[in-house]
There are 2 protein chains.
Amino acid sequence: MESNRQNYHLPDNFIKYQDIIQQSLRPALNLNPEELNLLGHYQMGWVDEKGNTSIGSSGKALRPSLCLLACDAVGGSIDHAIPLAIALEIIHNFSLVHDDIQDEDLLRRHRPTVWALWGKKLALIAGNAMRTSADMSVYSLQSLGSTSSHILYAINQLTERYLEMIEGQYQDISFEQRTNVSTQEYLDMVEKKTGSLIEASLHMGAFAGNASFEQVSALGKFGRLIGLGFQVRDDMLGIWGSTETTGKGHGSDINRKKQALPVLYAFENGNDLTKRKMAEIYSKDMLTPFDISEAIQLLDEVRAKEYCQQVAEEYMNQALNALKDAKLTEKWEITFEQLANFMVLREF
Amino acid sequence: MESNRQNYHLPDNFIKYQDIIQQSLRPALNLNPEELNLLGHYQMGWVDEKGNTSIGSSGKALRPSLCLLACDAVGGSIDHAIPLAIALEIIHNFSLVHDDIQDEDLLRRHRPTVWALWGKKLALIAGNAMRTSADMSVYSLQSLGSTSSHILYAINQLTERYLEMIEGQYQDISFEQRTNVSTQEYLDMVEKKTGSLIEASLHMGAFAGNASFEQVSALGKFGRLIGLGFQVRDDMLGIWGSTETTGKGHGSDINRKKQALPVLYAFENGNDLTKRKMAEIYSKDMLTPFDISEAIQLLDEVRAKEYCQQVAEEYMNQALNALKDAKLTEKWEITFEQLANFMVLREF
C-alpha cells in the first residue's frame, strides 16, 4: 500500500501454538450423529465434503493463538488456557457458519460454505451444535483440576463477550438498510462485532495464567483495541490494497458497495457534490471499473485514507498504553508490540 | 378421540406458577440494542411487532412449570429454581425462532413468525442472542448465593440436554430425505428432540431444590419418558384428533405428509399392498380429502392407532416406575401421576 513499506508480520512465538491448537481442537469438536460431525469438521477445514482428510483450509487461528500467548506472557501454564482457546476458535467458526447463511455467501476459504453444500436447515443446526461444543470445552477444565468458580468466571466472560459480538452483528445488518450511518456508529459496531471476541481471547488467556486482575483487564483492553485497529486496516486494504498482497482486487469493497469506514467518512465529510457522486455510484446495481476508479478518487479527495490511518494509529497507541498497564517483561512487551503492529499496519 | 373419554387436565398446582414465570422472564430477556430486544419480546408473546404490549400469545410455559414443580415436590424453595426455569423457557423459545426459519413457517401461535416479520438474518441473530440470555439467567444464581459448583452443574446439565435436543433436530431433518425411517429410529429421535429438554426441566428443578442424586435422576427420567409419551400422543391427535379439541383438522398430519409414528408403523408393518398404497398417497404433491380418508383407513387396517396407544402407555408405565424411585410424598406423587396422564392421554 505504501511505496517504502515495512514488512509487518506475526511474532514468531505467535505462530508456534498452531500445532497444539490443531491437536486440541479435534477431540473438542465431536458431534453426534456422525453426519452432523462432518459439517463441523468440514467448517474447521479438516475434511472435504465426503469426510476425507483435506488440508490447508483452516483459518489463521488468531483468537486461540492470542489466548495462549496471553497465558504464556503472564507466566502461566498454557495447559489451562487450551480449553478456552479451543472454545474461542469454535465460537468463531460457528459464527462464520451462521454468517454465511445470513449473507448467502457461497465460498469461504476458497471452498463452498457449509450451507451451500448441506442446505440452510442443517447448517443452522450444525452451527448451534458447534456453539455448544465451545461451552463443553470450557467445562473440560474440570478434569484439569480448575475450581468451579474459575470455570464459571471463564464461561461468563465468554458468554458476555459473545453476546456483545451478536449485538455488533445485529447493528451491522441493520446498517445495510440505512444510508446515514456515521463513522462513530460504525466504529461502535466494529468494537462489538470484532473487538469483543479478541478482547475475550486475551482476557481469558491471561486469566487462565492466573494473572492479576489488572493484568487481565489491561490485556483484554489491548485486545479490544487491536481488534478495532485490525478492522479499520481491513477496510483500508479492501479499497487501496493490491491484489497480490490481499487476495482482494484494488477497490474490491467499493465493487461490493460495502459501507466501509472510508466510504462512511466521505458521506459524512465530503462536500455536497462528493456526497451526491458517491450516492450515485452506490445506488447502481452493478459498478463498472470506471465507477470504482471514480469512487476511489472521491475518497482520495476527502483524504479518507489519511483519516482511516489516523484512526487505526490512534487505536494502536491506545492499545500500547493498555499494554503498559499489563506490566509484562520486556521480552513479552516486544512480542505484543509486534503483534499490534501487524494487526494495525499489515499489508495483507 | 374416544367416545367415553376422561377429562385429563394439568394439575392445579402446575398452573399456579404461570405468574411468577411471566414476571421473572421479562427482566431475564433484556437484549441490546432495543430493536434486537423487540424481536425477543415479540417471540415471547409480550409485544406486537411495533413493540406495543400484546396479550395472550405466550406458550404454555410447560418446561419452566415442570422445573418449579419438581423443585417444590422435593421440598425445595422455588427461588433457586426460577433462574433455571427461565433459562429453559428462553432456550425453548430460541429453538422455535430457529425452527421457524428452518421450516419457513409463517405462523406460530396465530401470529407471523419472527423471520416472517424481520427476515431470516435478524431472526437468526435474535435466536442466538436469546440462547445467550438463557445462560445468563443461570449465572444469575450467583446473586442468590448459590455456589459456583452448583451453578456449573446446572449450566452443564442444560448444555448437555440442549446438545441432545440439537442432535434430535438434526435427525428429524435428515429423516425428511428418507422413506425408510423405522419406528425405532423415530422414537430415538423424539427422545432426543423432545424428551431431553423435558428431562432437563425436572432434573434441574429437583437439583435446585437440593434433592438427593436418586431423586434428581428419577424425576429427570420421568420427564424424559412423559416427553416421549407426549409426542406419541401428539402424533395420534394429528391424525385422529378432532378439530374442536386439537385446533388441527382430522387427518391434518396426513395432509402435511408428516412422517408421524402411525404412518411409519404402517410402512414398517403393513402388507405389500398397504405399503404401496401409502407410498402412492405420500408421493402426491397435494392430497385430496379422499386421499386423507384412504390413508387413515390404511392406518386403521394395520391397527396403527392401537400400536401408538400401546407405545404411549408403555412410556407412561415406565414414567410411573421412575416416579416411584423419586420417593415423593403421596400428595406430590398424585400430582405427578395426574401430569403423566395429561401428557400421555390428553385429548388436545
# chains A, B, ... in the order shown; residues from 1 in each chain; ligands from 1
$ interface_residues --of "chain B" --to "chain A" --cutoff "8 Å" --atoms "only C-alpha atoms" --output "CSV table (one decimal) with N, CA and C atoms, in the first residue's frame"
chain,number,residue,atom,x,y,z
B,32,ASN,N,-29.7,-6.0,23.9
B,32,ASN,CA,-29.3,-4.7,23.3
B,32,ASN,C,-28.9,-5.0,21.8
B,33,PRO,N,-29.2,-4.0,20.9
B,33,PRO,CA,-29.9,-2.8,21.1
B,33,PRO,C,-31.4,-3.1,21.2
B,36,LEU,N,-33.2,-5.3,18.8
B,36,LEU,CA,-33.0,-6.7,18.9
B,36,LEU,C,-33.9,-7.3,20.0
B,98,HIS,N,-35.4,-20.4,15.6
B,98,HIS,CA,-34.6,-21.1,14.6
B,98,HIS,C,-35.4,-22.1,13.8
B,102,GLN,N,-35.9,-22.5,9.7
B,102,GLN,CA,-35.6,-23.7,9.0
B,102,GLN,C,-36.8,-24.2,8.2
B,103,ASP,N,-37.9,-24.2,8.8
B,103,ASP,CA,-39.1,-24.8,8.2
B,103,ASP,C,-39.9,-23.7,7.3
B,120,LYS,N,-34.8,-13.4,7.7
B,120,LYS,CA,-34.0,-14.6,8.3
B,120,LYS,C,-32.8,-14.1,9.0
B,121,LYS,N,-32.1,-13.1,8.4
B,121,LYS,CA,-30.8,-12.7,9.0
B,121,LYS,C,-31.0,-12.2,10.5
B,122,LEU,N,-31.9,-11.3,10.7
B,122,LEU,CA,-32.1,-10.8,12.0
B,122,LEU,C,-32.7,-11.8,13.0
B,124,LEU,N,-32.2,-15.0,12.9
B,124,LEU,CA,-31.2,-16.0,13.3
B,124,LEU,C,-30.3,-15.4,14.4
B,125,ILE,N,-30.0,-14.1,14.3
B,125,ILE,CA,-29.2,-13.4,15.3
B,125,ILE,C,-30.0,-13.3,16.6
B,128,ASN,N,-29.9,-16.5,18.5
B,128,ASN,CA,-28.6,-16.7,19.1
B,128,ASN,C,-28.5,-15.8,20.4
B,129,ALA,N,-29.0,-14.6,20.3
B,129,ALA,CA,-28.9,-13.7,21.5
B,129,ALA,C,-29.8,-14.2,22.6
B,132,THR,N,-28.1,-16.9,24.5
B,132,THR,CA,-27.1,-16.4,25.4
B,132,THR,C,-27.8,-15.9,26.7
B,135,ASP,N,-28.2,-18.6,29.2
B,135,ASP,CA,-27.0,-18.9,30.0
B,135,ASP,C,-26.9,-17.8,31.2
B,136,MET,N,-27.1,-16.6,30.8
B,136,MET,CA,-27.0,-15.5,31.8
B,136,MET,C,-28.0,-15.7,32.9
B,139,TYR,N,-26.4,-18.0,35.4
B,139,TYR,CA,-25.4,-17.4,36.2
B,139,TYR,C,-26.0,-16.5,37.3
B,148,SER,N,-20.5,-21.8,43.2
B,148,SER,CA,-20.1,-21.9,41.8
B,148,SER,C,-20.3,-23.4,41.3
B,149,SER,N,-20.0,-24.4,42.1
B,149,SER,CA,-20.1,-25.7,41.6
B,149,SER,C,-21.5,-26.1,41.4
B,151,ILE,N,-23.9,-23.9,40.4
B,151,ILE,CA,-24.3,-23.2,39.1
B,151,ILE,C,-23.7,-24.0,37.9
B,152,LEU,N,-22.4,-24.4,38.1
B,152,LEU,CA,-21.7,-25.0,37.0
B,152,LEU,C,-22.4,-26.4,36.6
B,156,ASN,N,-24.0,-27.1,33.0
B,156,ASN,CA,-23.5,-28.3,32.3
B,156,ASN,C,-24.7,-29.1,31.9
B,159,THR,N,-26.6,-27.5,29.0
B,159,THR,CA,-25.9,-27.5,27.8
B,159,THR,C,-26.0,-29.0,27.2
B,163,LEU,N,-27.7,-29.9,23.7
B,163,LEU,CA,-27.0,-30.5,22.6
B,163,LEU,C,-27.7,-31.8,22.2
B,166,ILE,N,-30.5,-30.7,19.9
B,166,ILE,CA,-30.0,-30.4,18.6
B,166,ILE,C,-29.7,-31.7,17.8
B,167,GLU,N,-29.2,-32.7,18.4
B,167,GLU,CA,-29.0,-34.0,17.7
B,167,GLU,C,-30.3,-34.5,17.2
B,169,GLN,N,-33.0,-32.7,16.5
B,169,GLN,CA,-33.4,-31.9,15.4
B,169,GLN,C,-32.7,-32.2,14.1
B,170,TYR,N,-31.4,-32.5,14.3
B,170,TYR,CA,-30.7,-32.9,13.1
B,170,TYR,C,-31.3,-34.2,12.5
B,171,GLN,N,-31.5,-35.2,13.3
B,171,GLN,CA,-32.1,-36.5,12.8
B,171,GLN,C,-33.4,-36.2,12.2
B,173,ILE,N,-34.6,-33.7,10.7
B,173,ILE,CA,-34.5,-33.1,9.3
B,173,ILE,C,-33.9,-34.1,8.3
$ closest_residue --among "B:Met236, B:Ala61, B:Leu320, B:Ala266" --to "Glu347 in chain B" --atoms "only C-alpha atoms"
B:Met236
$ residues_around --residues "Met44 in chain B" --least-positions-apart "4" --cutoff "10 Å" --atoms "only C-alpha atoms" --output "JSON list (two decimals) with C-alpha atoms, in the first residue's frame"
[["chain", "number", "residue", "atom", "x", "y", "z"],
["B", 22, "GLN", "CA", -44.00, -14.46, 33.43],
["B", 25, "LEU", "CA", -38.95, -13.93, 32.38],
["B", 26, "ARG", "CA", -39.14, -10.26, 31.46],
["B", 29, "LEU", "CA", -34.62, -11.28, 28.47],
["B", 38, "LEU", "CA", -38.10, -6.26, 20.28],
["B", 39, "LEU", "CA", -37.60, -9.49, 18.32],
["B", 40, "GLY", "CA", -37.06, -11.45, 21.54],
["B", 57, "SER", "CA", -49.83, -15.43, 22.74],
["B", 58, "SER", "CA", -47.19, -16.73, 25.14],
["B", 59, "GLY", "CA", -46.88, -20.50, 25.14],
["B", 89, "GLU", "CA", -38.23, -21.31, 28.60],
["B", 90, "ILE", "CA", -35.84, -18.99, 26.78],
["B", 93, "ASN", "CA", -38.31, -20.14, 22.51],
["B", 94, "PHE", "CA", -34.93, -19.58, 20.89]]
$ select_by_dssp --residues "range 18-141 of chain A" --states "helix (DSSP H, G or I)" --output "MDAnalysis selection string"
chainID A and resid 18:28 34:43 62:73 78:80 82:103 114:118 120:141
$ write_last_selection --atoms "C-alpha atoms" --output "CSV table (one decimal), in the first residue's frame"
chain,number,residue,atom,x,y,z
A,18,GLN,CA,-0.6,-23.7,15.7
A,19,ASP,CA,0.2,-27.4,16.3
A,20,ILE,CA,-1.1,-27.6,19.8
A,21,ILE,CA,-4.3,-25.7,18.8
A,22,GLN,CA,-5.0,-28.1,15.9
A,23,GLN,CA,-4.3,-31.2,18.0
A,24,SER,CA,-6.6,-30.0,20.8
A,25,LEU,CA,-9.4,-28.8,18.6
A,26,ARG,CA,-10.2,-32.2,17.1
A,27,PRO,CA,-11.2,-34.1,20.2
A,28,ALA,CA,-13.2,-31.0,21.4
A,34,GLU,CA,-21.6,-38.7,12.5
A,35,GLU,CA,-23.2,-36.7,9.7
A,36,LEU,CA,-23.6,-33.7,11.9
A,37,ASN,CA,-19.9,-34.1,12.9
A,38,LEU,CA,-19.0,-34.0,9.3
A,39,LEU,CA,-20.5,-30.5,8.9
A,40,GLY,CA,-18.5,-29.2,11.9
A,41,HIS,CA,-15.2,-30.8,10.7
A,42,TYR,CA,-15.7,-29.5,7.2
A,43,GLN,CA,-16.1,-26.0,8.5
A,62,LEU,CA,-6.0,-15.9,15.6
A,63,ARG,CA,-8.2,-16.0,18.7
A,64,PRO,CA,-6.8,-19.2,20.2
A,65,SER,CA,-3.3,-18.1,19.5
A,66,LEU,CA,-3.9,-14.8,21.2
A,67,CYS,CA,-5.4,-16.7,24.2
A,68,LEU,CA,-2.3,-18.9,24.6
A,69,LEU,CA,0.1,-16.0,24.0
A,70,ALA,CA,-1.6,-14.0,26.8
A,71,CYS,CA,-1.3,-17.0,29.2
A,72,ASP,CA,2.3,-17.5,28.3
A,73,ALA,CA,3.1,-13.9,28.7
A,78,ILE,CA,-0.8,-22.9,28.7
A,79,ASP,CA,-2.4,-26.3,29.6
A,80,HIS,CA,-5.2,-24.4,31.4
A,82,ILE,CA,-6.0,-24.6,25.9
A,83,PRO,CA,-9.7,-25.4,26.6
A,84,LEU,CA,-10.5,-21.7,26.5
A,85,ALA,CA,-8.5,-21.2,23.3
A,86,ILE,CA,-10.4,-24.1,21.7
A,87,ALA,CA,-13.8,-22.6,22.8
A,88,LEU,CA,-12.9,-19.3,21.2
A,89,GLU,CA,-11.9,-20.9,17.9
A,90,ILE,CA,-15.1,-23.0,17.8
A,91,ILE,CA,-17.3,-20.0,18.7
A,92,HIS,CA,-15.6,-18.0,15.9
A,93,ASN,CA,-16.2,-20.8,13.4
A,94,PHE,CA,-19.8,-21.3,14.5
A,95,SER,CA,-20.4,-17.6,13.9
A,96,LEU,CA,-18.9,-18.0,10.4
A,97,VAL,CA,-21.3,-20.8,9.6
A,98,HIS,CA,-24.3,-18.7,10.6
A,99,ASP,CA,-22.8,-15.6,8.9
A,100,ASP,CA,-22.5,-17.5,5.6
A,101,ILE,CA,-26.2,-18.5,5.9
A,102,GLN,CA,-27.2,-14.9,6.6
A,103,ASP,CA,-25.2,-13.4,3.8
A,114,VAL,CA,-21.5,-25.3,4.8
A,115,TRP,CA,-25.0,-24.2,3.9
A,116,ALA,CA,-24.1,-24.2,0.2
A,117,LEU,CA,-23.3,-27.9,0.4
A,118,TRP,CA,-25.8,-29.1,3.0
A,120,LYS,CA,-29.5,-23.9,5.4
A,121,LYS,CA,-31.5,-26.1,7.8
A,122,LEU,CA,-28.6,-28.4,8.5
A,123,ALA,CA,-26.1,-25.6,8.5
A,124,LEU,CA,-28.1,-23.7,11.1
A,125,ILE,CA,-28.3,-26.7,13.4
A,126,ALA,CA,-24.6,-27.6,12.9
A,127,GLY,CA,-23.7,-24.0,13.9
A,128,ASN,CA,-25.8,-24.4,17.1
A,129,ALA,CA,-24.2,-27.7,17.9
A,130,MET,CA,-20.7,-26.2,17.4
A,131,ARG,CA,-21.6,-23.4,19.8
A,132,THR,CA,-22.5,-26.0,22.4
A,133,SER,CA,-19.1,-27.8,21.9
A,134,ALA,CA,-17.4,-24.5,22.8
A,135,ASP,CA,-19.2,-24.4,26.2
A,136,MET,CA,-18.3,-28.1,26.7
A,137,SER,CA,-14.6,-27.3,26.1
A,138,VAL,CA,-14.6,-24.7,28.9
A,139,TYR,CA,-16.2,-27.3,31.3
A,140,SER,CA,-13.4,-29.7,30.4
A,141,LEU,CA,-11.2,-27.5,32.6
$ select_by_dssp --residues "range 89-194 of chain A" --states "strand (DSSP E)" --output "PyMOL selection string"
chain A and resi 107-108+111-112
$ write_last_selection --atoms "N, CA and C atoms" --output "PDB file, in the first residue's frame"
ATOM      1  N   LEU A 107     -18.832 -19.079  -0.901  1.00  0.00           N
ATOM      2  CA  LEU A 107     -17.450 -19.520  -0.706  1.00  0.00           C
ATOM      3  C   LEU A 107     -16.868 -18.959   0.590  1.00  0.00           C
ATOM      4  N   ARG A 108     -16.051 -19.755   1.225  1.00  0.00           N
ATOM      5  CA  ARG A 108     -15.312 -19.344   2.423  1.00  0.00           C
ATOM      6  C   ARG A 108     -13.997 -20.094   2.383  1.00  0.00           C
ATOM      7  N   ARG A 111     -13.497 -22.575  -0.461  1.00  0.00           N
ATOM      8  CA  ARG A 111     -14.316 -23.790  -0.605  1.00  0.00           C
ATOM      9  C   ARG A 111     -15.786 -23.406  -0.471  1.00  0.00           C
ATOM     10  N   PRO A 112     -16.702 -24.260  -0.982  1.00  0.00           N
ATOM     11  CA  PRO A 112     -18.129 -23.973  -0.781  1.00  0.00           C
ATOM     12  C   PRO A 112     -18.432 -23.879   0.719  1.00  0.00           C
TER      13      PRO A 112
END
$ residues_around --residues "Leu298 in chain A" --least-positions-apart "4" --cutoff "9 Å" --atoms "only C-alpha atoms" --output "JSON, numbers by chain"
{"A": [266, 270, 274, 275, 277, 278, 293, 294, 302, 303, 304]}
$ residues_around --residues "Asp285 in chain B" --least-positions-apart "3" --cutoff "12 Å" --atoms "only C-alpha atoms" --output "list in words"
Asn255, Arg256, Lys257, Glu280, Ile281, Tyr282, Thr288 and Asp291 of chain B
$ closest_residue --among "A:Asp188, A:Asn317, A:Val216, A:Lys324" --to "Leu261 in chain A" --atoms "only C-alpha atoms"
A:Asp188
$ closest_atom_pairs --of "range 279-327 of chain B" --to "range 335-343 of chain B" --cutoff "9 Å" --atoms "only C-alpha atoms" --output "Markdown table"
| residue | atom | partner | partner_atom | distance |
| --- | --- | --- | --- | --- |
| B:Met316 | CA | B:Ala340 | CA | 6.6 |
| B:Ala319 | CA | B:Ala340 | CA | 7.6 |
| B:Leu320 | CA | B:Glu337 | CA | 7.0 |
| B:Leu323 | CA | B:Phe336 | CA | 7.8 |
$ closest_residue --among "B:Ser146, B:Thr53, B:Gln177, B:Asn269" --to "Leu299 in chain B" --atoms "only C-alpha atoms"
B:Asn269
$ residues_around --residues "Gln184 in chain B" --least-positions-apart "3" --cutoff "10 Å" --atoms "only C-alpha atoms" --output "VMD selection string"
chain B and resid 181 187 to 190 261 264 to 265
